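A.B. asks: Next comes model_17.cif, mmCIF, C-alpha atoms and all ligand atoms:
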data_structure
loop_
_atom_site.label_atom_id
_atom_site.label_comp_id
_atom_site.auth_asym_id
_atom_site.auth_seq_id
_atom_site.Cartn_x
_atom_site.Cartn_y
_atom_site.Cartn_z
CA MET A 432 0.50 10.42 24.55
CA ALA A 433 -0.60 8.76 21.31
CA LYS A 434 2.12 7.49 18.95
CA LEU A 435 1.37 9.89 16.07
CA ASP A 436 0.25 13.03 17.89
CA GLY A 437 0.63 16.05 15.58
CA LYS A 438 1.88 13.96 12.63
CA VAL A 439 0.60 14.33 9.07
CA ALA A 440 0.05 11.09 7.13
CA LEU A 441 -0.73 10.64 3.45
CA ILE A 442 -1.98 7.18 2.49
CA THR A 443 -2.42 6.34 -1.19
CA GLY A 444 -5.14 3.75 -1.77
CA GLY A 445 -6.80 4.32 1.58
CA THR A 446 -10.46 4.04 0.71
CA THR A 447 -10.75 0.32 1.44
CA GLY A 448 -8.78 -2.64 2.79
CA ILE A 449 -5.29 -2.24 4.26
CA GLY A 450 -5.11 1.51 3.56
CA ALA A 451 -8.44 2.23 5.26
CA ALA A 452 -7.52 0.13 8.32
CA THR A 453 -4.20 1.99 8.56
CA ALA A 454 -5.95 5.35 8.20
CA ARG A 455 -8.24 4.49 11.13
CA LEU A 456 -5.33 3.37 13.30
CA PHE A 457 -3.20 6.42 12.43
CA LYS A 458 -6.11 8.72 13.26
CA ALA A 459 -6.70 6.92 16.56
CA GLU A 460 -2.99 7.50 17.30
CA GLY A 461 -3.39 11.26 16.82
CA ALA A 462 -2.36 11.84 13.19
CA SER A 463 -4.04 14.08 10.61
CA VAL A 464 -4.73 11.63 7.80
CA VAL A 465 -5.36 12.09 4.08
CA VAL A 466 -6.28 9.05 1.97
CA THR A 467 -6.67 8.66 -1.78
CA GLY A 468 -8.55 6.44 -4.17
CA ALA A 469 -9.24 6.48 -7.88
CA ASN A 470 -12.79 5.16 -7.99
CA PRO A 471 -15.46 7.85 -7.33
CA ASN A 472 -17.91 5.28 -5.94
CA SER A 473 -15.54 3.93 -3.29
CA LEU A 474 -14.48 7.50 -2.47
CA GLU A 475 -18.06 8.36 -1.53
CA ALA A 476 -18.37 5.23 0.62
CA ALA A 477 -15.00 5.98 2.27
CA ARG A 478 -16.10 9.52 3.19
CA ALA A 479 -18.99 7.97 5.12
CA GLU A 480 -16.88 5.21 6.70
CA LEU A 481 -13.79 7.21 7.63
CA PRO A 482 -15.03 10.17 9.70
CA GLY A 483 -12.39 12.79 10.42
CA ILE A 484 -10.18 11.56 7.57
CA GLU A 485 -9.72 13.55 4.37
CA VAL A 486 -10.63 11.42 1.33
CA VAL A 487 -9.27 12.68 -1.98
CA LEU A 488 -9.56 11.57 -5.61
CA SER A 489 -6.04 11.04 -6.99
CA ASP A 490 -4.96 8.45 -9.53
CA GLN A 491 -1.59 6.97 -8.61
CA ALA A 492 -1.07 6.02 -12.26
CA ASP A 493 -0.72 9.75 -13.02
CA PRO A 494 2.53 11.29 -11.69
CA GLY A 495 1.12 14.77 -12.33
CA ALA A 496 -1.80 13.99 -10.01
CA SER A 497 0.61 12.66 -7.36
CA ALA A 498 2.66 15.87 -7.55
CA ALA A 499 -0.46 18.06 -7.21
CA LEU A 500 -1.66 15.92 -4.30
CA ALA A 501 1.62 16.10 -2.38
CA ASP A 502 1.84 19.85 -2.88
CA ALA A 503 -1.77 20.32 -1.76
CA VAL A 504 -1.32 18.21 1.40
CA ALA A 505 1.91 20.05 2.26
CA ALA A 506 0.27 23.44 1.63
CA ARG A 507 -2.65 22.54 3.89
CA HIS A 508 -0.79 20.75 6.69
CA GLY A 509 2.72 22.19 6.42
CA ARG A 510 4.52 18.89 5.70
CA ILE A 511 4.04 15.15 5.20
CA ASP A 512 5.54 13.15 8.09
CA ILE A 513 4.42 9.73 6.86
CA LEU A 514 3.82 8.64 3.28
CA PHE A 515 2.22 5.20 2.98
CA VAL A 516 2.41 4.23 -0.71
CA ASN A 517 -0.25 1.56 -0.59
CA ALA A 518 -2.46 1.96 -3.70
CA GLY A 519 -2.19 -1.13 -5.84
CA VAL A 520 -4.07 -3.46 -8.14
CA ALA A 521 -3.78 -7.19 -8.82
CA ALA A 522 -4.71 -9.22 -11.88
CA PHE A 523 -3.75 -12.83 -12.33
CA SER A 524 -3.22 -14.58 -15.66
CA PRO A 525 -1.03 -17.39 -16.92
CA LEU A 526 1.62 -16.49 -19.51
CA ASP A 527 -0.45 -17.54 -22.52
CA GLN A 528 -3.31 -15.24 -21.49
CA LEU A 529 -1.21 -12.26 -20.49
CA THR A 530 -1.99 -8.97 -22.24
CA GLU A 531 0.11 -5.84 -22.65
CA GLU A 532 -2.78 -3.85 -21.16
CA ASP A 533 -2.68 -5.98 -17.98
CA PHE A 534 1.06 -5.47 -17.69
CA ASP A 535 0.89 -1.72 -18.30
CA ARG A 536 -1.97 -1.20 -15.86
CA GLN A 537 -0.33 -3.09 -12.99
CA PHE A 538 3.12 -1.64 -13.57
CA GLY A 539 1.63 1.83 -14.18
CA ILE A 540 -0.07 1.93 -10.76
CA ASN A 541 2.01 -0.46 -8.63
CA VAL A 542 5.51 0.47 -9.85
CA ARG A 543 5.73 3.68 -11.92
CA GLY A 544 2.96 5.34 -9.93
CA ALA A 545 4.39 4.24 -6.56
CA LEU A 546 7.83 5.63 -7.37
CA PHE A 547 6.49 8.97 -8.59
CA ALA A 548 4.23 9.24 -5.54
CA ALA A 549 7.39 8.96 -3.43
CA LYS A 550 9.23 11.46 -5.62
CA ALA A 551 6.38 13.96 -5.24
CA ALA A 552 6.13 13.67 -1.46
CA ALA A 553 9.84 13.34 -0.58
CA PRO A 554 10.64 17.10 -0.62
CA HIS A 555 7.84 17.64 1.92
CA ILE A 556 9.01 14.93 4.35
CA PRO A 557 11.03 16.36 7.24
CA GLN A 558 13.84 14.71 9.18
CA GLY A 559 12.36 11.89 11.27
CA GLY A 560 9.66 11.21 8.69
CA SER A 561 9.21 8.00 6.78
CA ILE A 562 7.94 6.35 3.63
CA ILE A 563 6.38 2.90 3.71
CA PHE A 564 5.65 0.95 0.51
CA THR A 565 3.16 -1.90 0.34
CA ALA A 566 4.92 -4.79 -1.36
CA SER A 567 3.73 -8.41 -0.93
CA THR A 568 4.85 -11.92 -0.05
CA ALA A 569 4.21 -12.49 -3.77
CA ALA A 570 7.51 -10.65 -4.37
CA SER A 571 9.43 -13.54 -2.80
CA LEU A 572 7.40 -16.50 -4.08
CA GLY A 573 6.94 -18.25 -7.40
CA MET A 574 3.21 -18.74 -7.83
CA ALA A 575 1.58 -19.59 -11.14
CA ALA A 576 -0.39 -16.82 -12.89
CA THR A 577 1.15 -14.04 -10.80
CA SER A 578 4.15 -13.06 -12.96
CA VAL A 579 3.19 -9.43 -13.48
CA TYR A 580 1.81 -8.72 -10.00
CA SER A 581 4.71 -10.47 -8.24
CA ALA A 582 7.30 -8.63 -10.33
CA SER A 583 5.57 -5.32 -9.61
CA LYS A 584 5.82 -5.99 -5.88
CA ALA A 585 9.47 -7.08 -6.16
CA ALA A 586 10.15 -3.68 -7.73
CA VAL A 587 8.42 -1.96 -4.84
CA ARG A 588 10.44 -3.98 -2.32
CA SER A 589 13.54 -2.79 -4.15
CA PHE A 590 12.43 0.87 -3.95
CA ALA A 591 12.59 0.65 -0.14
CA ARG A 592 16.27 -0.29 -0.38
CA SER A 593 17.30 2.30 -3.00
CA LEU A 594 15.29 5.18 -1.58
CA GLY A 595 16.30 4.11 1.91
CA ALA A 596 19.90 4.73 0.87
CA GLU A 597 19.03 7.99 -0.87
CA LEU A 598 17.01 9.54 1.92
CA ALA A 599 19.02 8.27 4.91
CA PRO A 600 21.31 11.34 4.91
CA ARG A 601 18.19 13.47 5.44
CA GLY A 602 17.03 11.28 8.35
CA VAL A 603 14.05 9.95 6.39
CA ARG A 604 13.47 6.19 6.68
CA VAL A 605 12.02 4.06 3.87
CA ASN A 606 10.63 0.56 4.45
CA ALA A 607 8.26 -1.98 2.93
CA ILE A 608 5.41 -3.97 4.39
CA SER A 609 4.84 -7.28 2.63
CA PRO A 610 1.45 -8.73 3.51
CA GLY A 611 0.50 -12.30 2.80
CA PRO A 612 -3.13 -12.98 1.85
CA ILE A 613 -5.38 -10.42 3.58
CA GLU A 614 -9.18 -10.26 3.50
CA THR A 615 -9.88 -7.07 1.48
CA PRO A 616 -11.90 -6.09 -1.59
CA ILE A 617 -8.81 -6.56 -3.83
CA PHE A 618 -9.73 -10.08 -4.91
CA GLY A 619 -13.15 -8.88 -6.11
CA LYS A 620 -11.41 -6.27 -8.29
CA SER A 621 -8.97 -8.79 -9.80
CA GLY A 622 -11.18 -9.97 -12.67
CA LEU A 623 -11.66 -13.43 -11.10
CA SER A 624 -15.15 -14.93 -10.72
CA ALA A 625 -16.57 -15.51 -7.22
CA GLU A 626 -15.86 -19.22 -7.64
CA GLN A 627 -12.27 -18.58 -8.73
CA ILE A 628 -11.78 -16.26 -5.75
CA GLU A 629 -12.98 -18.96 -3.33
CA GLY A 630 -10.64 -21.50 -4.98
CA PHE A 631 -7.73 -19.03 -4.81
CA LYS A 632 -8.42 -18.27 -1.15
CA SER A 633 -8.61 -21.90 -0.08
CA ASP A 634 -5.44 -22.75 -2.05
CA ILE A 635 -3.51 -19.84 -0.60
CA THR A 636 -4.75 -20.47 2.95
CA SER A 637 -3.27 -23.97 2.73
CA ARG A 638 0.13 -22.33 2.12
CA VAL A 639 -0.05 -20.08 5.21
CA PRO A 640 1.57 -21.74 8.23
CA LEU A 641 -0.88 -19.97 10.58
CA GLY A 642 -3.67 -21.53 8.49
CA ARG A 643 -5.79 -18.47 7.81
CA ILE A 644 -6.10 -15.28 5.80
CA GLY A 645 -5.04 -12.15 7.66
CA ARG A 646 -7.06 -9.06 8.59
CA PRO A 647 -6.27 -5.52 7.36
CA GLU A 648 -5.89 -4.38 10.98
CA GLU A 649 -3.01 -6.85 11.42
CA ILE A 650 -1.14 -5.12 8.59
CA ALA A 651 -2.02 -1.66 9.90
CA ALA A 652 -0.34 -2.58 13.21
CA ALA A 653 2.91 -3.41 11.38
CA VAL A 654 2.70 -0.18 9.36
CA LEU A 655 2.26 1.81 12.57
CA PHE A 656 5.36 0.09 13.95
CA LEU A 657 7.35 1.12 10.86
CA ALA A 658 6.01 4.68 11.01
CA ALA A 659 6.32 5.35 14.74
CA ASP A 660 8.56 2.88 16.57
CA ALA A 661 11.11 1.63 14.04
CA THR A 662 13.40 4.63 14.41
CA PHE A 663 16.60 2.65 13.60
CA ILE A 664 15.11 0.61 10.74
CA THR A 665 15.40 1.64 7.09
CA GLY A 666 15.60 -0.17 3.74
CA GLU A 667 13.87 -3.08 5.47
CA GLU A 668 10.81 -5.23 4.87
CA ILE A 669 8.35 -6.64 7.35
CA ILE A 670 6.77 -9.80 6.01
CA ALA A 671 3.34 -10.16 7.60
CA GLY A 672 1.99 -13.32 6.06
CA GLY A 673 1.30 -15.74 8.89
CA GLY A 674 4.64 -17.39 8.12
CA MET A 675 4.08 -17.49 4.36
CA ALA A 676 7.25 -16.96 2.31
CA VAL A 677 9.49 -17.40 5.34
CA ILE A 678 8.80 -20.85 6.91
N1 LIG B 1 -5.11 -8.16 0.14
C1 LIG B 1 -4.01 -8.87 -0.03
O1 LIG B 1 -4.02 -10.10 0.08
C2 LIG B 1 -2.69 -8.18 -0.31
C3 LIG B 1 -1.51 -8.92 -0.13
C4 LIG B 1 -0.30 -8.31 -0.38
C5 LIG B 1 -0.25 -7.00 -0.81
N2 LIG B 1 -1.42 -6.32 -0.99
C6 LIG B 1 -1.30 -4.93 -1.43
O2 LIG B 1 -1.91 -4.11 -0.47
C7 LIG B 1 -2.30 -2.88 -1.08
C8 LIG B 1 -3.72 -2.55 -0.66
O3 LIG B 1 -4.57 -3.54 -1.19
P1 LIG B 1 -5.85 -4.10 -0.44
O4 LIG B 1 -5.69 -5.57 -0.36
O5 LIG B 1 -6.15 -3.33 0.77
O6 LIG B 1 -6.94 -3.89 -1.59
P2 LIG B 1 -8.07 -2.79 -1.81
O7 LIG B 1 -9.05 -2.85 -0.70
O8 LIG B 1 -8.53 -3.00 -3.20
O9 LIG B 1 -7.28 -1.43 -1.68
C9 LIG B 1 -6.60 -0.85 -2.75
C10 LIG B 1 -6.69 0.64 -2.58
O10 LIG B 1 -5.95 1.24 -3.66
C11 LIG B 1 -6.81 2.14 -4.32
N3 LIG B 1 -6.41 2.28 -5.72
C12 LIG B 1 -6.43 1.34 -6.70
N4 LIG B 1 -5.96 1.88 -7.84
C13 LIG B 1 -5.63 3.16 -7.54
C14 LIG B 1 -5.09 4.22 -8.31
N5 LIG B 1 -4.80 4.08 -9.60
N6 LIG B 1 -4.88 5.41 -7.69
C15 LIG B 1 -5.19 5.58 -6.38
N7 LIG B 1 -5.71 4.61 -5.63
C16 LIG B 1 -5.92 3.42 -6.21
C17 LIG B 1 -8.18 1.56 -4.13
O11 LIG B 1 -9.17 2.52 -4.34
P3 LIG B 1 -10.22 2.42 -5.52
O12 LIG B 1 -10.29 0.98 -5.98
O13 LIG B 1 -11.43 2.90 -4.93
O14 LIG B 1 -9.66 3.33 -6.55
C18 LIG B 1 -8.10 1.15 -2.68
O15 LIG B 1 -8.25 2.28 -1.84
C19 LIG B 1 -2.10 -3.06 -2.59
O16 LIG B 1 -0.89 -2.45 -2.98
C20 LIG B 1 -2.00 -4.57 -2.72
O17 LIG B 1 -1.26 -4.95 -3.86
C21 LIG B 1 -2.62 -6.87 -0.74
#
Please render this file's structure as structure tokens.
Ligand SMILES: NC(=O)c1ccc[n+]([C@@H]2O[C@H](COP(=O)([O-])OP(=O)(O)OC[C@H]3O[C@@H](n4cnc5c(N)ncnc54)[C@H](OP(=O)(O)O)[C@@H]3O)[C@@H](O)[C@H]2O)c1

C.D. replies:
Amino acid sequence: MAKLDGKVALITGGTTGIGAATARLFKAEGASVVVTGANPNSLEAARAELPGIEVVLSDQADPGASAALADAVAARHGRIDILFVNAGVAAFSPLDQLTEEDFDRQFGINVRGALFAAKAAAPHIPQGGSIIFTASTAASLGMAATSVYSASKAAVRSFARSLGAELAPRGVRVNAISPGPIETPIFGKSGLSAEQIEGFKSDITSRVPLGRIGRPEEIAAAVLFLAADATFITGEEIIAGGGMAVI
């Protein structure tokens, strides 16, 4: 029997990268999977690349959209067994170049939006279900130019603890996955030039004890563990960064 037979999974930010890899793995393990994105172009591409997976436009920055989404998924599938709050954006600037718009955008999607996505789905999650937030090794490191992004991920890490405590009496587990550097389209969306991205990647690779950037499928495997196998684990974080931030 597959690990997620008969389960319903909602993955925010599942059109590319870590979310898409997790959607594929969850589907292969028997789940009905719904993924979201906010960019109409990547939604179209995702519909072609993720056969058998429902791909929906829903902006995580908008709590009203998250509420409508959760209600629609629950109405269609009866419940939401697994919520993977994964949609996120990254922009890197040193303090003197920081803008209020940058701050509001990252906190609006990564923090405010993530929390309200959980609020919207929680009433539809039955006993035995779980919420997984995508945080980051950035939450536990001090790296130049990442103040806003890192703080947004530290907030998300914290949500797993607080909501873990809140939802434990209902038998719903809440955990975080904290990837290190993973090869996904996120760097291309960060506002950095191709040259800056290459420089960033080679610098960050030198800080990873395993000496390489990870693959989205390696994070999906850890998310599946949290969703399906980790039945006595809540409020926790799995750091999947090739040793980064821990050794
Ligand atoms: N890659 C890394 O090195 C790394 C490391 C640690 C943590 N993370 C975290 O992992 C998560 C996934 O990132 P990724 O690396 O897989 O990058 P990605 O390929 O860019 O995936 C991000 C996903 O989020 C979606 N998204 C962005 N803004 C959204 C919004 N407002 N509403 C709904 N969906 C939205 C994107 O869709 P559209 O762009 O099409 O809207 C896409 O599906 C993020 O939370 C990121 O911070 C990544």

A.B. asks: Per residue of chain A within 7 Å of ligand LIG 1 (chain B), what are the shortest atom pair and its distance in Å to one decimal, counting all atoms listed in the file, with rows by chain and residue number, as JSON lines?

C.D. replies:
{"residue": "A:Thr443", "atom": "CA", "partner": "B:LIG1", "partner_atom": "N7", "distance": 5.8}
{"residue": "A:Gly444", "atom": "CA", "partner": "B:LIG1", "partner_atom": "O10", "distance": 3.2}
{"residue": "A:Gly445", "atom": "CA", "partner": "B:LIG1", "partner_atom": "O15", "distance": 4.2}
{"residue": "A:Thr446", "atom": "CA", "partner": "B:LIG1", "partner_atom": "O15", "distance": 3.8}
{"residue": "A:Thr447", "atom": "CA", "partner": "B:LIG1", "partner_atom": "O7", "distance": 4.2}
{"residue": "A:Gly448", "atom": "CA", "partner": "B:LIG1", "partner_atom": "O5", "distance": 3.4}
{"residue": "A:Ile449", "atom": "CA", "partner": "B:LIG1", "partner_atom": "O5", "distance": 3.8}
{"residue": "A:Gly450", "atom": "CA", "partner": "B:LIG1", "partner_atom": "O5", "distance": 5.7}
{"residue": "A:Thr467", "atom": "CA", "partner": "B:LIG1", "partner_atom": "N7", "distance": 5.7}
{"residue": "A:Gly468", "atom": "CA", "partner": "B:LIG1", "partner_atom": "N7", "distance": 3.7}
{"residue": "A:Ala469", "atom": "CA", "partner": "B:LIG1", "partner_atom": "O14", "distance": 3.4}
{"residue": "A:Asn470", "atom": "CA", "partner": "B:LIG1", "partner_atom": "O14", "distance": 3.9}
{"residue": "A:Pro471", "atom": "CA", "partner": "B:LIG1", "partner_atom": "O13", "distance": 6.8}
{"residue": "A:Asn472", "atom": "CA", "partner": "B:LIG1", "partner_atom": "O13", "distance": 7.0}
{"residue": "A:Ser473", "atom": "CA", "partner": "B:LIG1", "partner_atom": "O13", "distance": 4.5}
{"residue": "A:Leu474", "atom": "CA", "partner": "B:LIG1", "partner_atom": "O13", "distance": 6.0}
{"residue": "A:Ser489", "atom": "CA", "partner": "B:LIG1", "partner_atom": "C15", "distance": 5.6}
{"residue": "A:Asp490", "atom": "CA", "partner": "B:LIG1", "partner_atom": "N6", "distance": 3.6}
{"residue": "A:Gln491", "atom": "CA", "partner": "B:LIG1", "partner_atom": "N6", "distance": 3.8}
{"residue": "A:Ala492", "atom": "CA", "partner": "B:LIG1", "partner_atom": "N5", "distance": 5.0}
{"residue": "A:Asn517", "atom": "CA", "partner": "B:LIG1", "partner_atom": "O16", "distance": 4.7}
{"residue": "A:Ala518", "atom": "CA", "partner": "B:LIG1", "partner_atom": "O10", "distance": 3.6}
{"residue": "A:Gly519", "atom": "CA", "partner": "B:LIG1", "partner_atom": "O16", "distance": 3.4}
{"residue": "A:Val520", "atom": "CA", "partner": "B:LIG1", "partner_atom": "O17", "distance": 5.3}
{"residue": "A:Ala521", "atom": "CA", "partner": "B:LIG1", "partner_atom": "O17", "distance": 6.0}
{"residue": "A:Ile540", "atom": "CA", "partner": "B:LIG1", "partner_atom": "N5", "distance": 5.3}
{"residue": "A:Asn541", "atom": "CA", "partner": "B:LIG1", "partner_atom": "O16", "distance": 6.7}
{"residue": "A:Thr565", "atom": "CA", "partner": "B:LIG1", "partner_atom": "O16", "distance": 5.3}
{"residue": "A:Ala566", "atom": "CA", "partner": "B:LIG1", "partner_atom": "C5", "distance": 5.6}
{"residue": "A:Ser567", "atom": "CA", "partner": "B:LIG1", "partner_atom": "C4", "distance": 4.1}
{"residue": "A:Thr568", "atom": "CA", "partner": "B:LIG1", "partner_atom": "C4", "distance": 6.3}
{"residue": "A:Ser609", "atom": "CA", "partner": "B:LIG1", "partner_atom": "C4", "distance": 6.0}
{"residue": "A:Pro610", "atom": "CA", "partner": "B:LIG1", "partner_atom": "C4", "distance": 4.3}
{"residue": "A:Gly611", "atom": "CA", "partner": "B:LIG1", "partner_atom": "C3", "distance": 4.9}
{"residue": "A:Pro612", "atom": "CA", "partner": "B:LIG1", "partner_atom": "O1", "distance": 3.5}
{"residue": "A:Ile613", "atom": "CA", "partner": "B:LIG1", "partner_atom": "O1", "distance": 3.8}
{"residue": "A:Glu614", "atom": "CA", "partner": "B:LIG1", "partner_atom": "N1", "distance": 5.7}
{"residue": "A:Thr615", "atom": "CA", "partner": "B:LIG1", "partner_atom": "O4", "distance": 4.8}
{"residue": "A:Pro616", "atom": "CA", "partner": "B:LIG1", "partner_atom": "O7", "distance": 4.4}
{"residue": "A:Ile617", "atom": "CA", "partner": "B:LIG1", "partner_atom": "O8", "distance": 3.6}
{"residue": "A:Lys620", "atom": "CA", "partner": "B:LIG1", "partner_atom": "O8", "distance": 6.7}
{"residue": "A:Pro647", "atom": "CA", "partner": "B:LIG1", "partner_atom": "O5", "distance": 6.9}

A.B. asks: Which residues are close to Ala553 (chain A), i.e. within 12 Å by only C-alpha atoms, leaving aside same-chain residues fewer than 6 positions away? Reply as a count of residues only.

C.D. replies: 29

A.B. asks: Select, from A:Ala570, A:Ala676, A:Ile669, A:Ala652, the residue with the minimum atom-to-atom distance to Glu460 (chain A), counting all atoms listed in the file.

C.D. replies: A:Ala652

A.B. asks: In terms of the shortest atom-to-atom distance over all atoms listed in the file, which of A:Lys632, A:Lys584, A:Lys438, A:Arg455 is closest to Phe538 (chain A)?

C.D. replies: A:Lys584

A.B. asks: Mind checking which residues fall within 12 Å of Ser621 (chain A), counting only C-alpha atoms, ignoring those fewer than 2 positions away in the same chain, and posting them as a list in words?

C.D. replies: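 So, after excluding close chain neighbours, the residues are Gly519, Val520, Ala521, Ala522, Phe523, Ser524, Asp533, Arg536, Gln537, Thr577, Tyr580, Thr615, Pro616, Ile617, Phe618, Gly619, Leu623, Ser624, Ala625, Gln627, Ile628 and Phe631 of chain A.
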
A.B. asks: Which residue, A:Ser571, A:Gly559, A:Ile608, A:Glu626, has the smallest gap to Phe663 (chain A) when you use all atoms listed in the file?

C.D. replies: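 Closest to Phe663 (chain A) of all the choices is A:Gly559.
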
A.B. asks: One decimal, in Å: what's the spacing between CA of Val654 (chain A) and CA of Pro554 (chain A)?

C.D. replies: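 Going from CA of Val654 (chain A) over to CA of Pro554 (chain A) covers 21.5 Å.
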
A.B. asks: So how many Å separate CA of Ala552 (chain A) and CA of Phe564 (chain A), to one decimal?

C.D. replies: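 CA of Ala552 (chain A) sits 12.9 Å away from CA of Phe564 (chain A).
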
A.B. asks: Measure the distance from CA of Lys434 (chain A) to CA of Gly666 (chain A) in Å and round it to one decimal.

C.D. replies: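 If I compute the distance from CA of Lys434 (chain A) to CA of Gly666 (chain A), I get 21.7 Å.
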
A.B. asks: In terms of the shortest atom-to-atom distance over all atoms listed in the file, which of A:Leu500, A:Ile664, A:Ala477, A:Ile670 is closest to Ala548 (chain A)?

C.D. replies: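 Closest candidate: A:Leu500.
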
A.B. asks: Kindly provide, as AutoDock Vina command-line options, the centre and edge lengths (Å, one decimal) of an axis-aligned box around all atoms of region 453-471 of chain A given in the file, with 6 Å on each side.

C.D. replies:
--center_x -8.9 --center_y 8.0 --center_z 4.7 --size_x 25.1 --size_y 24.1 --size_z 37.3

A.B. asks: Using all atoms listed in the file, which of the listed residues (A:Val487, A:Ala451, A:Ala476, A:Val465) sits closest to Ile650 (chain A)?

C.D. replies: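 Closest to Ile650 (chain A) of all the choices is A:Ala451.
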